Amino acid sequence: MSKQEEMEKIAISVENCKKCDLYKTRNKPVVGYGSVDAKILFIGEAPGRNEDLQGKPFVGRAGKILDELLESIGMQRSDIFIANILKCRPPNNRNPLSSEIKACTQHLDNQITLIQPKIIVPLGNFAVSYIFEKFGLKIDKISNIRGKVFETNTIFGNIKIIPMYHPAVATYNPNTINILKEDFRVIKDAIEKFR
Ligand code: URA
Ligand code: SF4
């Protein structure tokens, strides 16, 4: 089976998933978007209103910021893969519950194992906590660790983890966009090392 076919299998299991109650209130699940051969995997929190309607990740205001950040380092969405911690939208964009994260991250884990990225960029507290715990890294406040490169060993080799603020923060705190731009330079430098 090709990687693309494997990803379609994951998508079908997400579409049929009833492992938490969010399937009852969502419109479309958001499996993820991008290249299955991407070297970089971005992980957000959960679909918002626009994502839930379109079934695609980061298509609202936070998505505009993400596109601007990618462009600032000469990349576009087809160069990366974007997924979320939760595949279904929590009502009124409330925070994910730990039970929902526990239920849903099997799908994300399958995506990580399939893509085998060289760099994972978790965006915001929920993604950062999950990824740090999964890969046995010591967690600290996001303001202390954002834009730093953490290395970890996985079943598919050594990878880098670069935690960042969630781009949605930049929609209500304009200073954050500059911090995010700085942190995206760190991604660019890290990519150049394995080119
Ligand atoms: N915020 C997220 O965390 N994920 C999305 O897909 C959109 C907004
Ligand atoms: Fe399944 Fe995840 Fe949707 Fe819950 S949020 S129903 S675990 S796909």
# chains A, B, ... in the order shown; residues from 1 in each chain; ligands from 1

call {"tool": "closest_atom_pairs", "arguments": {"of": "segment 4-103 of chain A", "to": "segment 161-184 of chain A", "cutoff": "8 Å", "atoms": "only C-alpha atoms", "output": "tab-separated table"}}
result
residue	atom	partner	partner_atom	distance
A:Gly44	CA	A:His166	CA	7.3
A:Arg61	CA	A:Ala168	CA	7.2
A:Ala62	CA	A:Ala168	CA	4.6
A:Gly63	CA	A:Pro167	CA	7.8
A:Ile65	CA	A:Pro167	CA	6.2
A:Leu66	CA	A:Pro167	CA	6.3
A:Leu69	CA	A:Lys181	CA	6.2
A:Leu70	CA	A:Phe184	CA	7.6
A:Ser72	CA	A:Lys181	CA	7.3
A:Ile73	CA	A:Phe184	CA	6.9

call {"tool": "select_by_dssp", "arguments": {"residues": "segment 4-104 of chain A", "states": "helix (DSSP H, G or I)", "output": "PyMOL selection string"}}
result
chain A and resi 4-15+21-24+49-54+61-72+77-79+91-93+98-104

call {"tool": "write_last_selection", "arguments": {"atoms": "N, CA and C atoms", "output": "tab-separated table (two decimals), in the first residue's frame"}}
result
chain	number	residue	atom	x	y	z
A	4	GLN	N	0.13	7.32	0.51
A	4	GLN	CA	-1.12	8.05	0.29
A	4	GLN	C	-2.33	7.17	0.61
A	5	GLU	N	-2.25	5.92	0.20
A	5	GLU	CA	-3.36	4.99	0.50
A	5	GLU	C	-3.47	4.72	2.00
A	6	GLU	N	-2.31	4.64	2.66
A	6	GLU	CA	-2.32	4.46	4.12
A	6	GLU	C	-3.00	5.67	4.80
A	7	MET	N	-2.70	6.87	4.28
A	7	MET	CA	-3.30	8.07	4.86
A	7	MET	C	-4.82	8.06	4.62
A	8	GLU	N	-5.23	7.58	3.47
A	8	GLU	CA	-6.67	7.49	3.21
A	8	GLU	C	-7.35	6.51	4.17
A	9	LYS	N	-6.62	5.46	4.53
A	9	LYS	CA	-7.15	4.51	5.51
A	9	LYS	C	-7.33	5.18	6.88
A	10	ILE	N	-6.36	6.01	7.25
A	10	ILE	CA	-6.48	6.75	8.51
A	10	ILE	C	-7.68	7.69	8.43
A	11	ALA	N	-7.84	8.34	7.27
A	11	ALA	CA	-8.97	9.27	7.10
A	11	ALA	C	-10.31	8.55	7.27
A	12	ILE	N	-10.40	7.35	6.73
A	12	ILE	CA	-11.66	6.60	6.86
A	12	ILE	C	-11.91	6.24	8.33
A	13	SER	N	-10.84	5.88	9.05
A	13	SER	CA	-11.07	5.53	10.46
A	13	SER	C	-11.45	6.76	11.28
A	14	VAL	N	-10.96	7.94	10.87
A	14	VAL	CA	-11.38	9.17	11.55
A	14	VAL	C	-12.86	9.46	11.23
A	15	GLU	N	-13.22	9.31	9.97
A	15	GLU	CA	-14.61	9.59	9.58
A	15	GLU	C	-15.60	8.69	10.32
A	21	ASP	N	-17.27	11.97	22.36
A	21	ASP	CA	-18.60	12.49	21.97
A	21	ASP	C	-18.55	13.56	20.88
A	22	LEU	N	-17.36	14.00	20.51
A	22	LEU	CA	-17.30	15.14	19.57
A	22	LEU	C	-17.84	14.81	18.18
A	23	TYR	N	-17.88	13.55	17.82
A	23	TYR	CA	-18.42	13.20	16.49
A	23	TYR	C	-19.89	13.60	16.39
A	24	LYS	N	-20.56	13.71	17.53
A	24	LYS	CA	-22.01	14.02	17.53
A	24	LYS	C	-22.29	15.47	17.13
A	49	ARG	N	-14.41	26.87	13.70
A	49	ARG	CA	-15.66	26.91	12.95
A	49	ARG	C	-15.46	26.67	11.45
A	50	ASN	N	-14.52	27.41	10.87
A	50	ASN	CA	-14.31	27.27	9.42
A	50	ASN	C	-13.77	25.90	9.04
A	51	GLU	N	-12.86	25.39	9.86
A	51	GLU	CA	-12.27	24.08	9.59
A	51	GLU	C	-13.35	23.00	9.64
A	52	ASP	N	-14.23	23.13	10.62
A	52	ASP	CA	-15.33	22.17	10.80
A	52	ASP	C	-16.29	22.18	9.60
A	53	LEU	N	-16.49	23.36	9.02
A	53	LEU	CA	-17.39	23.46	7.86
A	53	LEU	C	-16.72	22.92	6.60
A	54	GLN	N	-15.40	23.17	6.47
A	54	GLN	CA	-14.72	22.78	5.23
A	54	GLN	C	-14.01	21.43	5.30
A	61	ARG	N	-8.80	32.44	10.35
A	61	ARG	CA	-7.83	33.52	10.60
A	61	ARG	C	-6.46	33.01	11.00
A	62	ALA	N	-6.44	31.96	11.83
A	62	ALA	CA	-5.14	31.39	12.23
A	62	ALA	C	-4.42	30.82	11.01
A	63	GLY	N	-5.21	30.32	10.06
A	63	GLY	CA	-4.63	29.76	8.84
A	63	GLY	C	-3.95	30.81	7.98
A	64	LYS	N	-4.57	32.01	7.94
A	64	LYS	CA	-3.95	33.13	7.19
A	64	LYS	C	-2.58	33.44	7.77
A	65	ILE	N	-2.52	33.44	9.09
A	65	ILE	CA	-1.24	33.73	9.75
A	65	ILE	C	-0.23	32.62	9.48
A	66	LEU	N	-0.70	31.39	9.52
A	66	LEU	CA	0.19	30.27	9.22
A	66	LEU	C	0.76	30.38	7.81
A	67	ASP	N	-0.10	30.74	6.85
A	67	ASP	CA	0.37	30.90	5.46
A	67	ASP	C	1.42	32.00	5.35
A	68	GLU	N	1.17	33.10	6.07
A	68	GLU	CA	2.12	34.22	6.06
A	68	GLU	C	3.47	33.78	6.64
A	69	LEU	N	3.41	32.98	7.70
A	69	LEU	CA	4.65	32.50	8.34
A	69	LEU	C	5.40	31.55	7.42
A	70	LEU	N	4.67	30.65	6.77
A	70	LEU	CA	5.31	29.72	5.83
A	70	LEU	C	5.98	30.51	4.70
A	71	GLU	N	5.23	31.49	4.18
A	71	GLU	CA	5.76	32.29	3.09
A	71	GLU	C	7.03	33.02	3.50
A	72	SER	N	7.09	33.44	4.78
A	72	SER	CA	8.26	34.19	5.25
A	72	SER	C	9.54	33.34	5.21
A	77	ARG	N	2.02	25.22	1.82
A	77	ARG	CA	1.36	24.09	2.48
A	77	ARG	C	1.67	22.75	1.85
A	78	SER	N	1.95	22.76	0.54
A	78	SER	CA	2.24	21.48	-0.12
A	78	SER	C	3.60	20.92	0.30
A	79	ASP	N	4.43	21.75	0.96
A	79	ASP	CA	5.74	21.28	1.44
A	79	ASP	C	5.65	20.60	2.80
A	91	PRO	N	-17.39	21.93	20.76
A	91	PRO	CA	-18.44	22.96	20.69
A	91	PRO	C	-17.92	24.31	21.17
A	92	ASN	N	-18.25	25.37	20.44
A	92	ASN	CA	-17.81	26.73	20.76
A	92	ASN	C	-16.30	26.88	20.95
A	93	ASN	N	-15.54	26.02	20.31
A	93	ASN	CA	-14.07	26.07	20.41
A	93	ASN	C	-13.54	25.97	21.84
A	98	SER	N	-9.06	16.24	28.52
A	98	SER	CA	-7.98	15.24	28.47
A	98	SER	C	-8.50	13.90	27.99
A	99	SER	N	-9.76	13.59	28.27
A	99	SER	CA	-10.32	12.31	27.78
A	99	SER	C	-10.41	12.31	26.24
A	100	GLU	N	-10.72	13.47	25.68
A	100	GLU	CA	-10.80	13.57	24.20
A	100	GLU	C	-9.41	13.43	23.58
A	101	ILE	N	-8.43	14.06	24.21
A	101	ILE	CA	-7.05	13.97	23.69
A	101	ILE	C	-6.59	12.51	23.74
A	102	LYS	N	-6.90	11.86	24.85
A	102	LYS	CA	-6.49	10.46	25.01
A	102	LYS	C	-7.15	9.59	23.93
A	103	ALA	N	-8.43	9.85	23.67
A	103	ALA	CA	-9.16	9.05	22.68
A	103	ALA	C	-8.66	9.32	21.26
A	104	CYS	N	-8.38	10.57	20.96
A	104	CYS	CA	-8.15	10.96	19.57
A	104	CYS	C	-6.71	10.80	19.09

call {"tool": "residues_near_ligand", "arguments": {"ligand": "ligand 1", "cutoff": "6 Å", "atoms": "only C-alpha atoms and all ligand atoms", "output": "list in words"}}
result
Gly44, Glu45, Ala46, Pro47, Gly48, Glu51, Pro57, Phe58, Ala62 and Asn84 of chain A

call {"tool": "closest_residue", "arguments": {"among": "A:Gly60, A:Gly55, A:Pro90, A:Gly32", "to": "ligand 2", "atoms": "only C-alpha atoms and all ligand atoms"}}
result
A:Pro90

call {"tool": "atom_distance", "arguments": {"atom1": "atom CA of Lys87 of chain A", "atom2": "atom CA of Lys118 of chain A"}}
result
22.6 Å

call {"tool": "atom_distance", "arguments": {"atom1": "atom CA of Asn158 of chain A", "atom2": "atom CA of Met1 of chain A"}}
result
24.9 Å
